[in-house]
Structure formats: C-alpha cells, structure tokens
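Novice: model36.txt is the file, holding compact mmCIF, C-alpha atoms and all ligand atoms:
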# COMPACT_ATOMS: atom_id res chain seq x y z
CA MET S 243 115.92 108.58 89.23
CA GLN S 244 114.49 110.44 92.25
CA GLU S 245 111.71 112.95 91.64
CA THR S 246 110.80 115.42 94.35
CA THR S 247 107.10 116.15 94.77
CA SER S 248 106.00 118.97 97.07
CA ASP S 249 106.53 116.97 100.25
CA PHE S 250 108.63 113.92 99.46
CA GLN S 251 110.59 112.00 96.83
CA ILE S 252 109.15 109.52 94.39
CA TYR S 253 111.32 106.97 92.63
CA VAL S 254 110.80 106.89 88.85
CA GLU S 255 112.12 104.74 86.00
CA ASP S 256 112.24 106.83 82.82
CA THR S 257 113.62 105.58 79.50
CA GLY S 258 113.64 109.13 78.09
CA GLY S 259 113.58 109.73 74.36
CA SER S 260 111.07 111.38 72.08
CA GLY S 261 108.53 108.53 71.77
CA THR S 262 104.89 108.75 72.83
CA PRO S 263 104.85 109.06 76.63
CA LEU S 264 103.59 105.85 78.25
CA LEU S 265 103.01 106.04 82.01
CA LEU S 266 103.01 102.58 83.60
CA ILE S 267 101.18 102.37 86.95
CA HIS S 268 101.99 99.26 88.95
CA GLY S 269 99.61 97.11 90.99
CA TYR S 270 99.53 96.27 94.68
CA PRO S 271 101.80 95.27 96.39
CA LEU S 272 104.34 95.73 93.60
CA ASN S 273 106.55 98.49 92.18
CA SER S 274 108.12 99.72 88.93
CA GLU S 275 110.30 96.59 88.71
CA MET S 276 107.22 94.69 87.55
CA TRP S 277 107.44 96.67 84.30
CA LYS S 278 111.00 95.57 83.44
CA PRO S 279 109.95 93.69 80.25
CA GLN S 280 108.05 96.78 79.08
CA LEU S 281 110.81 99.27 80.01
CA GLU S 282 113.23 97.17 77.96
CA ALA S 283 111.08 96.37 74.92
CA LEU S 284 108.84 99.41 74.45
CA ALA S 285 111.47 102.17 74.74
CA GLY S 286 111.86 103.87 71.36
CA PRO S 287 108.32 104.09 70.05
CA PHE S 288 107.47 105.08 73.62
CA ARG S 289 109.08 107.16 76.34
CA VAL S 290 108.30 104.72 79.14
CA ILE S 291 107.85 106.20 82.62
CA ALA S 292 107.22 103.93 85.61
CA PRO S 293 107.11 105.38 89.15
CA ASP S 294 107.06 103.56 92.48
CA LEU S 295 103.87 104.65 94.24
CA ARG S 296 104.03 105.81 97.88
CA GLY S 297 104.94 102.93 100.17
CA HIS S 298 106.03 100.68 97.30
CA GLY S 299 109.54 99.87 96.11
CA LEU S 300 111.92 102.79 96.68
CA THR S 301 109.27 105.43 97.46
CA PRO S 302 108.64 105.89 101.18
CA PRO S 303 105.18 105.34 102.68
CA THR S 304 102.86 108.02 104.01
CA PRO S 305 99.63 107.48 105.94
CA GLY S 306 96.31 108.47 104.42
CA VAL S 307 96.76 107.79 100.70
CA SER S 308 93.91 107.63 98.19
CA MET S 309 93.53 106.86 94.51
CA ASP S 310 93.30 110.63 93.93
CA LEU S 311 96.51 111.30 95.86
CA PHE S 312 98.35 108.62 93.89
CA ALA S 313 97.00 110.24 90.68
CA GLN S 314 98.16 113.70 91.80
CA ASP S 315 101.62 112.24 92.48
CA LEU S 316 101.69 110.92 88.93
CA LYS S 317 100.81 114.36 87.56
CA THR S 318 103.67 115.83 89.58
CA VAL S 319 106.02 113.17 88.22
CA LEU S 320 105.03 114.06 84.65
CA GLU S 321 105.59 117.76 85.30
CA ARG S 322 108.96 117.17 86.94
CA THR S 323 110.14 114.83 84.17
CA GLY S 324 109.25 117.51 81.61
CA VAL S 325 106.46 115.60 79.87
CA ASP S 326 104.41 118.38 78.34
CA LYS S 327 102.02 116.40 76.13
CA PRO S 328 99.16 114.01 76.91
CA VAL S 329 100.23 110.50 77.90
CA ILE S 330 99.01 106.98 77.40
CA LEU S 331 98.20 105.62 80.86
CA CYS S 332 98.64 101.91 81.47
CA GLY S 333 97.44 100.77 84.89
CA LEU S 334 97.54 97.21 86.13
CA SER S 335 94.99 96.27 88.77
CA MET S 336 95.35 98.95 91.50
CA GLY S 337 97.21 100.90 88.80
CA GLY S 338 93.97 100.79 86.79
CA TYR S 339 92.00 102.20 89.73
CA ILE S 340 94.56 105.04 89.82
CA ALA S 341 94.35 105.51 86.03
CA PHE S 342 90.60 106.09 86.40
CA ALA S 343 91.29 108.67 89.14
CA PHE S 344 93.90 110.36 86.93
CA TYR S 345 91.48 110.53 83.99
CA ARG S 346 88.77 111.96 86.24
CA LEU S 347 91.13 114.66 87.55
CA PHE S 348 93.19 115.41 84.42
CA PRO S 349 91.27 114.28 81.32
CA ARG S 350 93.20 116.61 79.02
CA SER S 351 96.48 115.02 80.03
CA VAL S 352 95.41 111.60 78.75
CA SER S 353 95.66 110.53 75.08
CA GLY S 354 95.13 106.80 75.63
CA LEU S 355 94.22 104.29 78.32
CA ILE S 356 95.28 100.70 78.85
CA LEU S 357 93.32 98.85 81.53
CA ALA S 358 95.34 95.77 82.46
CA ALA S 359 93.97 93.12 84.85
CA THR S 360 91.72 95.69 86.47
CA ARG S 361 88.09 96.55 87.12
CA SER S 362 85.95 99.69 87.19
CA LYS S 363 83.68 98.51 90.01
CA PRO S 364 84.34 99.36 93.67
CA ASP S 365 84.91 96.78 96.41
CA SER S 366 82.01 94.59 97.46
CA ALA S 367 81.20 94.34 101.19
CA THR S 368 83.17 91.07 101.33
CA ALA S 369 86.15 92.63 99.58
CA LYS S 370 86.10 95.57 102.01
CA ALA S 371 86.12 93.20 104.99
CA ASN S 372 89.00 91.33 103.40
CA ARG S 373 91.00 94.59 103.07
CA ASP S 374 90.77 95.03 106.85
CA LYS S 375 91.94 91.45 107.41
CA GLN S 376 94.89 91.92 105.05
CA ALA S 377 95.86 95.23 106.71
CA ALA S 378 95.77 93.50 110.12
CA LEU S 379 97.86 90.63 108.72
CA SER S 380 100.53 93.05 107.46
CA ARG S 381 100.60 94.88 110.81
CA GLU S 382 100.64 91.76 112.98
CA LYS S 383 102.60 89.22 110.93
CA GLY S 384 104.51 91.47 108.53
CA VAL S 385 104.86 91.88 104.79
CA ALA S 386 105.98 88.28 104.14
CA ALA S 387 102.70 86.89 105.51
CA VAL S 388 100.68 89.02 103.09
CA VAL S 389 102.97 88.14 100.19
CA GLU S 390 102.72 84.38 100.83
CA ASP S 391 98.93 84.70 101.12
CA MET S 392 98.62 86.54 97.79
CA LEU S 393 101.32 84.92 95.67
CA PRO S 394 99.44 81.66 94.89
CA LYS S 395 96.62 83.73 93.33
CA MET S 396 98.72 86.12 91.25
CA MET S 397 99.70 83.97 88.29
CA SER S 398 98.44 81.37 85.86
CA PRO S 399 98.68 77.66 86.81
CA ASP S 400 101.06 77.36 83.83
CA THR S 401 103.41 79.95 85.33
CA TYR S 402 103.60 78.12 88.70
CA ARG S 403 104.27 74.86 86.87
CA TYR S 404 106.71 75.95 84.17
CA ASN S 405 108.26 79.22 85.36
CA PRO S 406 109.07 79.03 89.09
CA GLY S 407 111.86 81.58 88.58
CA LEU S 408 109.26 84.19 87.65
CA VAL S 409 107.23 83.34 90.75
CA ASP S 410 110.36 83.97 92.86
CA GLN S 411 110.92 87.25 91.07
CA ALA S 412 107.34 88.37 91.78
CA ARG S 413 107.79 87.40 95.45
CA GLN S 414 110.95 89.47 95.69
CA ILE S 415 109.26 92.53 94.11
CA MET S 416 106.27 92.21 96.47
CA MET S 417 108.61 91.94 99.47
CA GLU S 418 109.93 95.43 98.66
CA THR S 419 106.60 96.94 99.80
CA SER S 420 106.62 98.41 103.29
CA SER S 421 104.10 97.26 105.89
CA GLN S 422 102.75 100.81 106.18
CA GLY S 423 102.59 101.07 102.41
CA MET S 424 100.51 97.90 102.30
CA ALA S 425 98.09 99.05 105.00
CA SER S 426 97.65 102.50 103.39
CA ALA S 427 97.08 101.08 99.90
CA LEU S 428 94.56 98.54 101.21
CA LEU S 429 92.49 101.25 102.89
CA ALA S 430 92.71 103.43 99.77
CA MET S 431 91.50 100.59 97.54
CA LYS S 432 88.70 99.85 99.99
CA ASP S 433 87.49 103.47 99.73
CA ARG S 434 87.84 103.88 95.99
CA PRO S 435 84.80 105.09 94.03
CA ASP S 436 82.90 103.27 91.30
CA SER S 437 84.47 104.27 87.96
CA THR S 438 82.01 102.39 85.77
CA SER S 439 80.10 105.49 84.59
CA LEU S 440 83.40 106.94 83.30
CA LEU S 441 83.80 104.17 80.72
CA SER S 442 81.13 105.41 78.30
CA GLU S 443 82.52 108.97 78.50
CA ILE S 444 85.99 108.18 77.16
CA PRO S 445 86.10 109.42 73.54
CA PHE S 446 89.22 107.57 72.31
CA PRO S 447 89.97 103.84 71.92
CA VAL S 448 90.75 102.07 75.20
CA LEU S 449 92.70 98.82 75.40
CA VAL S 450 91.41 96.32 77.96
CA VAL S 451 94.02 93.60 78.37
CA HIS S 452 93.43 90.64 80.67
CA GLY S 453 94.96 87.27 81.48
CA LYS S 454 92.70 84.34 80.68
CA ASP S 455 93.59 82.71 84.00
CA ASP S 456 93.30 85.80 86.23
CA ALA S 457 92.14 84.41 89.61
CA LEU S 458 91.89 87.82 91.32
CA ILE S 459 89.78 89.70 88.76
CA PRO S 460 87.73 87.39 86.53
CA LEU S 461 87.89 87.89 82.77
CA GLU S 462 84.12 88.61 82.73
CA GLU S 463 84.79 91.95 84.44
CA ALA S 464 87.11 92.96 81.60
CA GLU S 465 84.48 91.88 79.06
CA GLU S 466 81.88 94.00 80.86
CA MET S 467 84.18 97.05 80.76
CA GLU S 468 84.89 96.58 77.07
CA ALA S 469 81.15 96.43 76.34
CA GLN S 470 80.61 99.82 78.00
CA LEU S 471 83.42 101.67 76.24
CA GLN S 472 82.73 103.71 73.10
CA HIS S 473 85.82 102.26 71.41
CA GLY S 474 86.86 99.30 73.52
CA ILE S 475 89.46 96.79 72.38
CA LEU S 476 89.72 93.57 74.41
CA GLU S 477 92.92 91.51 74.26
CA THR S 478 92.79 88.24 76.18
CA ILE S 479 96.21 86.82 76.97
CA PRO S 480 96.45 83.01 77.21
CA GLU S 481 98.54 81.25 79.87
CA ALA S 482 98.56 84.42 81.96
CA GLY S 483 97.04 85.33 85.30
CA HIS S 484 96.95 88.65 87.16
CA LEU S 485 100.58 89.52 86.36
CA LEU S 486 100.08 89.10 82.62
CA ASN S 487 102.75 91.61 81.56
CA LEU S 488 105.40 89.52 83.35
CA GLU S 489 103.94 86.13 82.48
CA GLN S 490 103.49 86.81 78.75
CA PRO S 491 105.62 89.89 78.00
CA GLY S 492 105.77 89.27 74.24
CA LEU S 493 101.99 89.09 73.85
CA PHE S 494 101.45 92.00 76.25
CA ASN S 495 103.97 94.23 74.46
CA ARG S 496 102.49 93.36 71.08
CA ALA S 497 99.03 94.38 72.31
CA VAL S 498 100.47 97.72 73.49
CA MET S 499 102.26 98.32 70.17
CA ASN S 500 99.09 97.50 68.20
CA TYR S 501 97.18 99.87 70.45
CA LEU S 502 99.61 102.70 69.64
CA LEU S 503 98.94 102.12 65.93
CA THR S 504 95.17 102.15 66.57
CA LEU S 505 95.46 105.46 68.40
CA GLN S 506 97.56 106.93 65.60
CA ASP S 507 94.86 105.92 63.08
CA PHE S 508 91.99 107.26 65.18
CA PRO S 509 89.66 108.87 64.14
CA LYS S 510 90.80 108.35 60.52
CA GLU S 511 89.73 104.71 60.79
CA GLY S 512 86.00 105.45 61.03
CA LYS S 513 85.95 107.89 58.08
C1 LIG S 601 96.47 94.59 92.59
O1 LIG S 601 97.04 93.69 91.96
O2 LIG S 601 96.76 95.78 92.41
C2 LIG S 601 95.45 94.21 93.62
O3 LIG S 601 95.28 92.84 93.62
C3 LIG S 601 94.15 94.90 93.37
C4 LIG S 601 93.13 94.63 94.41
O4 LIG S 601 93.44 94.01 95.43
O5 LIG S 601 91.97 95.06 94.22
Give the structure from this file in structure tokens form.
Ligand code: MLT

Specialist:
Amino acid sequence: MQETTSDFQIYVEDTGGSGTPLLLIHGYPLNSEMWKPQLEALAGPFRVIAPDLRGHGLTPPTPGVSMDLFAQDLKTVLERTGVDKPVILCGLSMGGYIAFAFYRLFPRSVSGLILAATRSKPDSATAKANRDKQAALSREKGVAAVVEDMLPKMMSPDTYRYNPGLVDQARQIMMETSSQGMASALLAMKDRPDSTSLLSEIPFPVLVVHGKDDALIPLEEAEEMEAQLQHGILETIPEAGHLLNLEQPGLFNRAVMNYLLTLQDFPKEGK
C-alpha cells in the first residue's frame, strides 16, 4: 500500500482488522520486509502496520532526516491508515530510537512500547566517527560495501552456521536501501538525543526484548534500560543476534503476545 504524506509517498504494510494496532518500526539498513514473520503470525490479535522509512525499501530517500522526522512520518501514516486509537510501538534498533522520538512527541498516541535490540543512549564519540566512515563507504563504494561490512555482525553465530538462507534473505533486504537513504539515516542516528531520562517517565509496562548474542548492542544495555523502567519486562532470546525477530520468530512473537496480555491486565495486576 502507498500512503501519501504531505510531501511524498511512504510504503506501508498493513494487515488491517480490528486488533490492537501494532506499529513495527524497522532498523537500519532494513525495511518492512524484516517484519514478515510478525505480519504473518500476529495479524488477528493485532492490526500490524509496518512502514518503510524514508530511503529504505520502497520509500524514496530525502536528505536531512532525523529521528523526529521519521516519527512524524509514522504519525502521518497512522492518520492516513485511519488508526484513531493509541498504538503499541515496536522499534528494532534504529526503530527503537524512532520509537523514543515518537513517544516524546506524541505520548498520548502510545499505549505500549516494545524496545527490540535497541538502546536509549546516544552515540559515543567513536560511534559518531564510525557513522561518518560508513556514510563515506556508502557514497564511495556503494550500498553493497556497507551491507557486506555489517552483515557478519547482524546475527547470532548459530544463525550463520545453521541458517545461511536467512543470512541471504537479510542481505537482500539490506540491499534494498538506497545509498542516499543510508547516508541520511547514519547522520540522523549520529545526531540523535539521549533518551535515557524518558525511561523512568513511562507509566505503562514496557517490553525490552534482546538477542543473547547481539554483537551490535550488548545485552547489558537492555538490562540497564529494564532497570530504569517503572514496569520493565526483559525477554532475552537465545540463539539470536541483532535481528532476533527473524532469527527466532516463534520466541519473539510469543514475547509480543505475552506482552499484549500484560498490557490488558495492567493496572489490574497490581491491585
Ligand atoms: C540498526 O540495526 O538499526 C542499527 O544497527 C542501529 C545503529 O547502528 O545504531
């Protein structure tokens, strides 16, 4: 489905239906295809909505993006798809950075938050320098060079050993990112704010879900986030790296389903 925002079109997967709206925000450099196992399995209890962010998948790039601009695009998508109640946001990695921005801008539009393979902290000085190197690599050597540099860090050692087909699938999804989309997203991630102080302000349960073997964002960062949340739930997924929802879809989907039940029981549970 194509959704028109004020100045351009955003591609959106939308399962429709009357379930609880679940907005899936993909990571970098990926797109809505990374959510295929969730679009298939979670439709019904959820209305699953998964856009391609600017410069990723089927949505064209624009220069000068930011986490806030991505979040505003998501709000527009929800309005245009006729979602008129608060949504559960599920952001993976960069998608998590955008989920924080969305919550900061539109707290009343959020009924739940799933932080998958992400962190609240901003980039360190080393990480910022690395963003510039990656942006130069995409400009000078193209998208494939960035993809081949990142791919060996995206998944669990078990996935590389036992599921090479999934590694190929991840490569193909990453290759659908445009070079300009990569460069813009890298600069936006480099400039993103620290969202750590937001954690203790969130009044509802938040699911933090992380692959045990995540080589890009260590599990300790997820544990630190959980400790700062008022009602944090940490689910650690074994034999999964950074792309945990693709590597262990059954365990990931079960965690999301259990989270829906927790939200439905809240705040009854504490009474
Ligand atoms: C992602 O998966 O979205 C990126 O690895 C996040 C990042 O580079 O900080």

Novice: Between S:Asp365, S:Glu282, S:Asp455, S:Glu255, which one has atoms that come closest to ligand LIG 601 (chain S), using only C-alpha atoms and all ligand atoms?

Specialist: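 Of S:Asp365, S:Glu282, S:Asp455, S:Glu255, the one nearest ligand LIG 601 (chain S) is S:Asp365, counting only C-alpha atoms and all ligand atoms.
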
Novice: From the set S:Leu449, S:Ile459, S:Ala367, S:Leu316, which residue has the shortest atom-to-atom contact distance to S:Leu503, counting only C-alpha atoms?

Specialist: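 Closest to S:Leu503, using only C-alpha atoms: S:Leu449.
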
Novice: As a quick test: using all atoms listed in the file, which residues lie no more than 9 Å away from ligand LIG 601 (chain S)? Give them as a ChimeraX atom specification.

Specialist: /S:268-272,334-339,359-361,364-365,369,373,392,396,428,431-432,458-459,484-485

Novice: Write the residues of the selection above to a file with C-alpha atoms, as a CSV table (one decimal), keeping the file's coordinate frame.

Specialist:
chain,number,residue,atom,x,y,z
S,268,HIS,CA,102.0,99.3,89.0
S,269,GLY,CA,99.6,97.1,91.0
S,270,TYR,CA,99.5,96.3,94.7
S,271,PRO,CA,101.8,95.3,96.4
S,272,LEU,CA,104.3,95.7,93.6
S,334,LEU,CA,97.5,97.2,86.1
S,335,SER,CA,95.0,96.3,88.8
S,336,MET,CA,95.4,99.0,91.5
S,337,GLY,CA,97.2,100.9,88.8
S,338,GLY,CA,94.0,100.8,86.8
S,339,TYR,CA,92.0,102.2,89.7
S,359,ALA,CA,94.0,93.1,84.8
S,360,THR,CA,91.7,95.7,86.5
S,361,ARG,CA,88.1,96.6,87.1
S,364,PRO,CA,84.3,99.4,93.7
S,365,ASP,CA,84.9,96.8,96.4
S,369,ALA,CA,86.2,92.6,99.6
S,373,ARG,CA,91.0,94.6,103.1
S,392,MET,CA,98.6,86.5,97.8
S,396,MET,CA,98.7,86.1,91.2
S,428,LEU,CA,94.6,98.5,101.2
S,431,MET,CA,91.5,100.6,97.5
S,432,LYS,CA,88.7,99.8,100.0
S,458,LEU,CA,91.9,87.8,91.3
S,459,ILE,CA,89.8,89.7,88.8
S,484,HIS,CA,97.0,88.6,87.2
S,485,LEU,CA,100.6,89.5,86.4

Novice: I'd like to know which of S:Ser439, S:Gln422, S:Thr257, S:Thr318 is closest to S:Ser380, using all atoms listed in the file.

Specialist: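 Among the listed residues, the smallest separation from S:Ser380 belongs to S:Gln422.
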
Novice: Write out as an MDAnalysis selection string each polymer residue whose atoms come within 8 Å of S:Val290, counting only C-alpha atoms; drop sequence neighbours fewer than 3 positions from it.

Specialist: chainID S and resid 255:258 263:266 280:281 284:285

Novice: Next, write the just-selected residues to a file, as a PDB file, in the frame of the given file, keeping C-alpha atoms as the atom set.

Specialist:
ATOM      1  CA  GLU S 255     112.120 104.740  86.000  1.00  0.00           C
ATOM      2  CA  ASP S 256     112.240 106.830  82.820  1.00  0.00           C
ATOM      3  CA  THR S 257     113.620 105.580  79.500  1.00  0.00           C
ATOM      4  CA  GLY S 258     113.640 109.130  78.090  1.00  0.00           C
ATOM      5  CA  PRO S 263     104.850 109.060  76.630  1.00  0.00           C
ATOM      6  CA  LEU S 264     103.590 105.850  78.250  1.00  0.00           C
ATOM      7  CA  LEU S 265     103.010 106.040  82.010  1.00  0.00           C
ATOM      8  CA  LEU S 266     103.010 102.580  83.600  1.00  0.00           C
ATOM      9  CA  GLN S 280     108.050  96.780  79.080  1.00  0.00           C
ATOM     10  CA  LEU S 281     110.810  99.270  80.010  1.00  0.00           C
ATOM     11  CA  LEU S 284     108.840  99.410  74.450  1.00  0.00           C
ATOM     12  CA  ALA S 285     111.470 102.170  74.740  1.00  0.00           C
TER      13      ALA S 285
END

Novice: For S:Glu462, find every residue with an atom within 12 Å (counting only C-alpha atoms), except residues of its own chain fewer than 5 positions away, and show them as a ChimeraX atom specification.

Specialist: /S:359-361,450-457,467-469,476,478

Novice: Nearest to S:Pro480: which of S:Phe250, S:Phe348, S:Phe494, S:Phe312 is it, counting all atoms listed in the file?

Specialist: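 Of S:Phe250, S:Phe348, S:Phe494, S:Phe312, the one nearest S:Pro480, counting all atoms listed in the file, is S:Phe494.
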
Novice: Find the residue from S:Pro491, S:Gly297, S:Gly286, S:Gly483 that sits nearest to S:Lys395; use all atoms listed in the file when measuring.

Specialist: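 Checking each of S:Pro491, S:Gly297, S:Gly286, S:Gly483 against S:Lys395, counting all atoms listed in the file, the winner is S:Gly483.
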
Novice: Hey, which of S:Arg296, S:Lys327, S:Arg322, S:Lys278 ends up closest to S:Gly261? Count only C-alpha atoms.

Specialist: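 The shortest atom-to-atom distance to S:Gly261 comes from S:Lys327.
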
Novice: So which residues touch S:Leu295 within 8 Å, counting all atoms listed in the file, skipping near sequence neighbours fewer than 2 positions away, as a PDB file with C-alpha atoms, keeping the file's coordinate frame?

Specialist:
ATOM      1  CA  ILE S 252     109.150 109.520  94.390  1.00  0.00           C
ATOM      2  CA  TYR S 253     111.320 106.970  92.630  1.00  0.00           C
ATOM      3  CA  HIS S 268     101.990  99.260  88.950  1.00  0.00           C
ATOM      4  CA  ASN S 273     106.550  98.490  92.180  1.00  0.00           C
ATOM      5  CA  PRO S 293     107.110 105.380  89.150  1.00  0.00           C
ATOM      6  CA  GLY S 297     104.940 102.930 100.170  1.00  0.00           C
ATOM      7  CA  HIS S 298     106.030 100.680  97.300  1.00  0.00           C
ATOM      8  CA  GLY S 299     109.540  99.870  96.110  1.00  0.00           C
ATOM      9  CA  THR S 301     109.270 105.430  97.460  1.00  0.00           C
ATOM     10  CA  PHE S 312      98.350 108.620  93.890  1.00  0.00           C
TER      11      PHE S 312
END

Novice: Find the residues with any atom within 10 Å of (82.7, 97.8, 75.8); use only C-alpha atoms and the coordinates as given in the file, and write the answer as an MDAnalysis selection string.

Specialist: chainID S and resid 441:442 448 450 464:476

Novice: Store the residues picked out above in a file with C-alpha atoms, as a tab-separated table (two decimals), in the coordinates of the input.

Specialist:
chain	number	residue	atom	x	y	z
S	441	LEU	CA	83.80	104.17	80.72
S	442	SER	CA	81.13	105.41	78.30
S	448	VAL	CA	90.75	102.07	75.20
S	450	VAL	CA	91.41	96.32	77.96
S	464	ALA	CA	87.11	92.96	81.60
S	465	GLU	CA	84.48	91.88	79.06
S	466	GLU	CA	81.88	94.00	80.86
S	467	MET	CA	84.18	97.05	80.76
S	468	GLU	CA	84.89	96.58	77.07
S	469	ALA	CA	81.15	96.43	76.34
S	470	GLN	CA	80.61	99.82	78.00
S	471	LEU	CA	83.42	101.67	76.24
S	472	GLN	CA	82.73	103.71	73.10
S	473	HIS	CA	85.82	102.26	71.41
S	474	GLY	CA	86.86	99.30	73.52
S	475	ILE	CA	89.46	96.79	72.38
S	476	LEU	CA	89.72	93.57	74.41

Novice: Separation of atom CA of S:Ser362 and atom CA of S:Ile330, in Å?

Specialist: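 Atom-to-atom, atom CA of S:Ser362 and atom CA of S:Ile330 are spaced 17.9 Å apart.
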
Novice: Just to confirm, what's the straight-line distance from atom CA of S:Asn487 to atom CA of S:Arg289 in Å (one decimal)?

Specialist: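 Answer for the atom CA of S:Asn487 to atom CA of S:Arg289 separation: 17.6 Å.
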